[in-house]
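What follows is run.txt (compact mmCIF, C-alpha atoms).
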# COMPACT_ATOMS: atom_id res chain seq x y z
CA MET R 1123 51.76 1.20 -43.45
CA ARG R 1124 52.49 -0.12 -46.95
CA LYS R 1125 54.90 1.62 -49.29
CA LEU R 1126 53.84 2.06 -52.88
CA SER R 1127 56.19 0.74 -55.50
CA GLU R 1128 57.33 3.22 -58.13
CA MET R 1129 55.04 1.62 -60.70
CA GLU R 1130 52.02 1.86 -58.36
CA ALA R 1131 52.87 5.48 -57.56
CA ASN R 1132 52.98 6.30 -61.27
CA LYS R 1133 49.56 4.67 -61.75
CA GLU R 1134 48.15 6.84 -58.96
CA MET R 1135 49.58 9.96 -60.59
CA ASP R 1136 48.13 8.94 -63.97
CA LYS R 1137 44.63 8.99 -62.47
CA GLN R 1138 44.92 12.74 -61.90
CA PRO R 1139 43.80 14.81 -64.91
CA ASP R 1140 46.47 16.74 -66.82
CA TYR R 1141 44.20 19.76 -67.10
CA GLU R 1142 42.54 22.20 -64.77
CA GLU R 1143 38.80 22.70 -65.13
CA GLU R 1144 37.77 26.34 -65.52
CA PHE R 1145 34.30 27.79 -66.00
CA VAL R 1146 33.62 30.83 -68.17
CA PHE R 1147 30.54 33.05 -67.93
CA LEU R 1148 29.48 34.29 -71.38
CA ASP R 1149 27.88 37.74 -71.13
CA LEU R 1150 25.66 38.41 -74.16
CA ASP R 1151 23.81 41.43 -72.71
CA ASP R 1152 24.96 43.75 -75.50
CA CYS R 1153 23.65 41.37 -78.18
CA LEU R 1154 20.17 41.22 -79.64
CA TYR R 1155 18.67 37.95 -78.47
CA SER R 1156 16.13 38.04 -81.28
CA ASP R 1157 19.04 37.40 -83.67
CA ILE R 1158 19.81 34.09 -81.94
CA PRO R 1159 17.44 31.26 -82.88
CA PRO R 1160 16.74 28.63 -80.22
CA ASN R 1161 19.05 25.58 -80.40
CA ALA R 1162 21.27 27.34 -82.95
CA PRO R 1163 24.63 25.64 -83.51
CA PHE R 1164 27.60 27.64 -82.23
CA VAL R 1165 31.39 27.57 -82.22
CA LEU R 1166 33.35 29.16 -79.38
CA SER R 1167 37.01 29.57 -80.27
CA GLY R 1168 40.09 31.37 -79.07
CA LEU R 1169 39.41 31.07 -75.35
CA ASP R 1170 43.15 31.30 -74.74
CA THR R 1171 43.40 34.62 -76.62
CA LEU R 1172 42.51 38.18 -75.55
CA THR R 1173 39.55 38.29 -77.96
CA PRO R 1174 37.71 34.96 -78.23
CA THR R 1175 35.04 34.61 -80.92
CA LEU R 1176 31.57 33.12 -80.79
CA GLN R 1177 30.00 32.16 -84.11
CA ILE R 1178 26.26 31.46 -83.82
CA GLY R 1179 24.74 29.79 -86.85
CA ASN R 1180 26.10 31.00 -90.18
CA HIS R 1181 25.46 34.71 -89.87
CA LEU R 1182 26.10 36.02 -86.33
CA LYS R 1183 29.70 36.54 -85.18
CA LEU R 1184 30.53 37.95 -81.75
CA ILE R 1185 33.89 39.14 -80.43
CA GLY R 1186 34.59 38.86 -76.71
CA GLU R 1187 36.96 40.27 -74.16
CA TYR R 1188 37.65 39.17 -70.62
CA GLN R 1189 36.63 41.40 -67.73
CA GLU R 1190 37.64 40.88 -64.11
CA THR R 1191 34.75 40.51 -61.68
CA VAL R 1192 34.48 42.62 -58.57
CA GLY R 1193 34.91 39.86 -56.00
CA THR R 1194 33.98 36.30 -56.85
CA CYS R 1195 31.07 35.41 -59.14
CA TYR R 1196 29.17 32.28 -58.10
CA ILE R 1197 27.16 30.13 -60.51
CA PHE R 1198 24.25 28.00 -59.24
CA SER R 1199 21.90 25.45 -60.75
CA GLU R 1200 18.24 25.42 -59.83
CA SER R 1201 15.98 22.40 -59.87
CA GLY R 1202 12.20 22.56 -59.74
CA PRO R 1203 9.93 21.01 -57.16
CA SER R 1204 10.30 17.29 -56.70
CA LEU R 1205 7.73 14.96 -58.21
CA ASN R 1206 6.90 13.75 -54.71
CA GLU R 1207 5.80 17.20 -53.59
CA LYS R 1208 2.03 17.24 -53.53
CA CYS R 1209 0.16 20.19 -54.92
CA PRO R 1210 -1.19 22.03 -51.85
CA THR R 1211 -4.64 23.52 -51.71
CA ASP R 1212 -3.19 26.75 -50.26
CA GLN R 1213 -3.04 29.30 -53.11
CA ASN R 1214 -0.17 31.19 -51.40
CA HIS R 1215 2.12 28.15 -51.16
CA VAL R 1216 5.23 28.44 -53.33
CA PRO R 1217 6.77 25.11 -54.39
CA SER R 1218 10.29 24.68 -53.03
CA LYS R 1219 13.30 24.62 -55.34
CA GLU R 1220 16.74 23.23 -54.74
CA VAL R 1221 19.77 25.40 -55.50
CA LYS R 1222 23.22 23.82 -55.82
CA PRO R 1223 26.53 25.66 -56.31
CA LEU R 1224 28.21 24.81 -59.62
CA ALA R 1225 31.29 26.98 -59.78
CA SER R 1226 32.98 30.21 -58.85
CA LEU R 1227 34.83 32.45 -61.29
CA GLN R 1228 36.93 35.58 -61.37
CA LYS R 1229 36.43 36.61 -65.01
CA ILE R 1230 33.50 37.23 -67.33
CA LEU R 1231 33.72 36.93 -71.11
CA LYS R 1232 31.70 39.86 -72.47
CA PHE R 1233 30.66 39.61 -76.13
CA LYS R 1234 29.72 42.28 -78.67
CA VAL R 1235 28.44 41.87 -82.22
CA CYS R 1236 31.17 41.92 -84.84
CA THR R 1237 30.50 44.15 -87.87
CA GLU R 1238 31.17 43.21 -91.50
CA ASP R 1239 34.68 44.76 -91.39
CA GLY R 1240 35.66 42.64 -88.35
CA SER R 1241 35.44 45.40 -85.72
CA LYS R 1242 33.19 45.39 -82.67
CA ALA R 1243 29.92 47.26 -83.01
CA ASN R 1244 29.49 50.23 -80.68
CA VAL R 1245 26.62 49.63 -78.31
CA ALA R 1246 25.49 52.47 -76.06
CA ASP R 1247 25.78 51.67 -72.35
CA ASP R 1248 22.69 52.21 -70.22
Write out the structure in this file as structure tokens.
Amino acid sequence: MRKLSEMEANKEMDKQPDYEEEFVFLDLDDCLYSDIPPNAPFVLSGLDTLTPTLQIGNHLKLIGEYQETVGTCYIFSESGPSLNEKCPTDQNHVPSKEVKPLASLQKILKFKVCTEDGSKANVADD
């Protein structure tokens, strides 16, 4: 077994990132999707605060707040059928899809529309 010199050990430690990766689920259910144009530029700021903001385009500002999930929330990615999969003649055949886990999270960032005076708009719960 070979011992690492102090310089080699420091190099190994430098390879490790100085940050921890964390995923955030943005819940926009209380927002009107018709107000959000496709491919609109956005700025998400204040993630380290209690009320992060999401500015979409030049006119739509949303204020968020973190909510704890009940249990763990899992996020998956879905890919369509492979190009190699032949189109079957059976009308009832459903093409297979591949689902891969991306992340798990304990908090959701729920956004509401911000009014002109800077307060959150009241949206009736269903």
For this session: Would you please work out which residue, of R:Thr1194, R:Ser1199, R:Gln1177, R:Gln1228, is nearest to Val1165 of chain R when using only C-alpha atoms?
Result: R:Gln1177
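Each of R:Asp1152, R:Glu1200, R:Glu1142, R:Asp1170 was checked against Cys1236 of chain R using only C-alpha atoms; the smallest atom-to-atom distance is that of R:Asp1152.
Computed from the coordinates, the atom CA of Ile1178 of chain R to atom CA of Leu1148 of chain R distance equals 13.2 Å.
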Problem set entry | Atomic separation - atom CA of Glu1143 of chain R relative to atom CA of Lys1222 of chain R, Å |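 Atom CA of Glu1143 of chain R lies at a distance of 18.2 Å from atom CA of Lys1222 of chain R.
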Seminar exercise, completed: Pairwise distance, atom CA of Phe1233 of chain R with atom CA of Gly1168 of chain R, equals 12.9 Å
For this session: Considering all atoms listed in the file, state which residue in the set R:Ile1185, R:Leu1227, R:Val1235, R:Ile1197 is at the smallest distance from Ser1167 of chain R.
Result: R:Ile1185
For this session: Rank R:Lys1234, R:Cys1195, R:Ser1226, R:Lys1219 by their smallest atom-to-atom distance to Leu1176 of chain R, using only C-alpha atoms, and report the top residue only.
Result: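 Nearest candidate to Leu1176 of chain R out of R:Lys1234, R:Cys1195, R:Ser1226, R:Lys1219: R:Lys1234.
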For this session: Determine, counting all atoms listed in the file, which protein, DNA and RNA residues have an atom within 12 Å of an atom of Asn1180 of chain R; residues of the same chain fewer than 3 positions away are not included. Present the result as JSON, numbers by chain.
Result: {"R": [1157, 1158, 1159, 1162, 1163, 1164, 1165, 1176, 1177, 1183, 1184]}
